[in-house]
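Asks: I have a structure here, written as structure tokens, and I will follow up with some questions on it.
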Amino acid sequence: MTLLLSAADVRRLLPMEEAIEAMADAFRALSEGDARLPLRTIVWTPDRRGGLGVMPGFLPAGLGAKVVSFFPGNHGTELDSHQGVVLLFEAERGRLLAVADATAITAIRTAAVSGLATRLLAREEAGDLAIFGSGTQARTHLAAMLAVRRIRRVRVWSRSAENARAFAAREAQRHGIAIETSNSAEEAARGADLLCTVTSSTDPFLRGEWLAPGAHVNAAGSSVASARELDAAAVARASLFVDRRESTVNESGDFLFAKKEGAVTEEHIRGELGDVLTGKTRGRRSADEITLFKSLGLAIEDVAAAEHVRRRAEETGAGIAFDFGGLREP
């Protein structure tokens, strides 16, 4: 039998603290050579308004794939920009174990990886947080930052001032904290020592000259080669850490535009997050160093998240069991 796991199941069974640990296990497996994943495949609509991504991956805990549509124009509507499913298969004989909502998994696991990067790379005392964007990822990134650092100040900037105000009011009530709104990206960035860019912007809005010494940046909004959130100076000023080198040099607009403009080369990539986790690569070297984690999102994150939710669902009786077949007819 296969478990069907709804968005509500995922949100209930994958709390942020547990999600961060699940991502740490996945990145440790990647660093140790126990994970497999090709580059994602994307099919665009003719007008490039949106696309369908297929992301397969293998971990010792399971074999899986995320099939997800992404339509950035959904921001500000009743629909999420990412919609789809994560399929989880048994690695031993290929049984379909679970079908899980990809919208909720993507929202949580992306922020959880940024939380892991912050835990590994940001200064221990970092706590002045600037969030760029006011959608789903802004919400989950705030939760992730609160999980790994003592946050003393939060400010949010969005291209829509109305959305920023609504985010600030809603999340302040949810977490019992004060959240300020900023009138510009520069105003939000100046003096912040934790910055999370989680927008659908295709053009850079975060400039390197605004970054304070010792800041840590999680750049998680852009996941295609044609879009970026950071200008070349921001990438060049920072020590760059990535989720996966191969993905970065093929898919990251933040890196590729900076490279094309002559600001960086591939040698600028200090290392992968998993290698920092396992000690193969040194992370932050000084209190004044600016660190940047460029997140693209990997299939192993979805596999790890789906496996965690499936296991917790079996323990708690959550989900709906469904017979998708797979047995040979007699």
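Chain identifiers are assigned as A, B, and so on, following the order in which chains appear in the structure tokens; residues are numbered from 1 within each chain, and ligands are numbered from 1 in order of appearance.
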Which neighbours of A:Arg119 fall inside 9 Å, counting only C-alpha atoms, when residues of the same chain fewer than 6 positions from it are skipped, and could you give them as a PyMOL selection string?
Replies: chain A and resi 145+148-149
Asks: Please save N, CA and C atoms of the selected residues as a CSV table (one decimal), in the first residue's frame.
Replies:
chain,number,residue,atom,x,y,z
A,145,MET,N,15.2,30.7,10.6
A,145,MET,CA,16.2,31.5,11.3
A,145,MET,C,15.9,31.5,12.8
A,148,VAL,N,17.5,28.5,14.5
A,148,VAL,CA,19.0,28.3,14.6
A,148,VAL,C,19.8,29.5,15.2
A,149,ARG,N,19.1,30.6,15.4
A,149,ARG,CA,19.8,31.8,16.0
A,149,ARG,C,18.8,32.6,16.9
Asks: Find the residues around A:Gly133 up to 8 Å (only C-alpha atoms counted), leave out those fewer than 5 positions away in its own chain, and share them as a ChimeraX atom specification.
Replies: /A:138,156-159,164,197-199
Asks: Taking C-alpha atoms for each residue, export the selection above as a compact mmCIF listing (two decimals), in the first residue's frame.
Replies:
# COMPACT_ATOMS: atom_id res chain seq x y z
CA ALA A 138 9.61 34.34 3.62
CA VAL A 156 11.04 42.67 5.80
CA TRP A 157 11.09 44.27 2.37
CA SER A 158 8.89 43.39 -0.57
CA ARG A 159 8.20 45.01 -3.92
CA ALA A 164 5.17 43.35 3.41
CA THR A 197 16.49 36.63 -0.32
CA VAL A 198 13.32 34.71 -1.18
CA THR A 199 11.71 36.61 -4.05
Asks: Interatomic distance between atom CA of A:Asp34 and atom CA of A:Phe255?
Replies: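 These atoms are spaced 26.5 Å apart.
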Asks: From the options A:Glu267, A:Glu301, A:Glu289, A:Asp323, which residue's atoms come nearest to A:Glu21, counting only C-alpha atoms?
Replies: A:Glu301
Asks: What's the separation between atom CA of A:Arg285 and atom CA of A:Ser239, in Å to one decimal place?
Replies: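 These atoms are spaced 9.5 Å apart.
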Asks: Find, counting only C-alpha atoms, the residue in A:Thr140, A:Arg153, A:Phe167, A:Ile131 that gets nearest to A:Gly76.
Replies: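 Looking at the shortest contact to A:Gly76, the residue is A:Phe167.
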Asks: List every residue of stretch 170-217 of chain A that DSSP, applied to the backbone of this structure, places in strand (DSSP E), and write the result as a CSV table (one decimal) with C-alpha atoms, in the first residue's frame.
Replies:
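Produced file result_33.csv, reproduced below:
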chain,number,residue,atom,x,y,z
A,180,GLU,CA,9.5,46.0,10.9
A,181,THR,CA,8.8,46.8,7.3
A,194,LEU,CA,21.5,37.7,8.5
A,195,LEU,CA,19.8,38.2,5.1
A,196,CYS,CA,17.4,35.9,3.3
A,197,THR,CA,16.5,36.6,-0.3
A,216,HIS,CA,25.6,35.9,6.2
A,217,VAL,CA,23.3,35.7,3.1
Asks: What's around A:Gly208 at 7 Å? Count only C-alpha atoms, leave out sequence neighbours fewer than 5 positions away in its own chain, and write the answer as a PyMOL selection string.
Replies: chain A and resi 231+233-234+237
Asks: Kindly export the residues of the current selection with N, CA and C atoms, as a tab-separated table (two decimals), in the first residue's frame.
Replies:
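The file below, again.tsv, is the result:
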chain	number	residue	atom	x	y	z
A	231	ASP	N	23.51	41.23	-7.06
A	231	ASP	CA	24.37	41.74	-8.13
A	231	ASP	C	25.73	41.07	-8.06
A	233	ALA	N	28.64	42.25	-7.51
A	233	ALA	CA	29.48	42.69	-6.40
A	233	ALA	C	29.15	41.94	-5.12
A	234	ALA	N	27.89	41.63	-4.91
A	234	ALA	CA	27.50	40.88	-3.71
A	234	ALA	C	28.08	39.48	-3.74
A	237	ARG	N	31.97	39.78	-3.25
A	237	ARG	CA	32.41	40.16	-1.90
A	237	ARG	C	32.35	39.02	-0.91
Asks: Quick one: residues within 10 Å of A:Glu90, only C-alpha atoms, excluding same-chain residues fewer than 3 positions away - as a ChimeraX atom specification?
Replies: /A:60-64,93-98,307
Asks: Run DSSP on the backbone and grab whatever in stretch 15-262 of chain A lands in alpha helix (DSSP H); send it over as a PyMOL selection string.
Replies: chain A and resi 16-31+102-121+136-148+161-175+185-189+232-237+245-251+253-260
Asks: Restricting the calculation to only C-alpha atoms: of A:Phe324, A:Gly57, A:Arg150, A:Ser134, which residue gets closest to A:Glu162?
Replies: A:Ser134
Asks: Please provide as an MDAnalysis selection string all residues within 8 Å of stretch 272-283 of chain A, with the sequence filter that same-chain residues fewer than 3 positions apart are discarded (counting only C-alpha atoms).
Replies: chainID A and resid 24 27:31 117 120:121 241:245
Asks: Quick one: everything within 9 Å of stretch 169-171 of chain A, counting only C-alpha atoms, minus sequence neighbours fewer than 6 positions away in the same chain. Send it as a list in words.
Replies: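 So, after excluding close chain neighbours, the residues are Arg139, Leu142, Ile177, Ala178 and Ile179 of chain A.
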Asks: Given the choices A:Ala91, A:Ala313, A:Leu116, A:Met16, which gets closest to A:Phe58 if the distance is worked out from only C-alpha atoms?
Replies: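 Once distances to A:Phe58 are computed over only C-alpha atoms, the minimum belongs to A:Ala91.
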Asks: Taking 6 positions as the minimum chain separation for residues in the same chain, which residues sit within 12 Å of A:Pro15 when counting only C-alpha atoms? Answer as a list in words.
Replies: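 Once the adjacent positions are removed, what remains is Ala8, Asp9, Glu21, Ala22, Ala104, Ile105, Ala107, Ile108, Arg109, Ala111, Ala112, Thr140, Ala143, Ala144, Ala147, Ala305, His308, Val309 and Arg312 of chain A.
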Asks: Take atom CA of A:Ile20 and atom CA of A:Ser223 and report the distance between them in Å, one decimal.
Replies: 20.1 Å
Asks: Would you please work out which residue, of A:Glu266, A:Glu187, A:Asp80, A:Glu125, is nearest to A:Val68 when using only C-alpha atoms?
Replies: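 Closest to A:Val68 of all the choices is A:Asp80.
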Asks: Taking into account only C-alpha atoms, which residue in the set A:Ala100, A:Leu206, A:Val67, A:Ala212 is nearest to A:Val43?
Replies: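 Comparing A:Ala100, A:Leu206, A:Val67, A:Ala212 against A:Val43, the winner is A:Val67.
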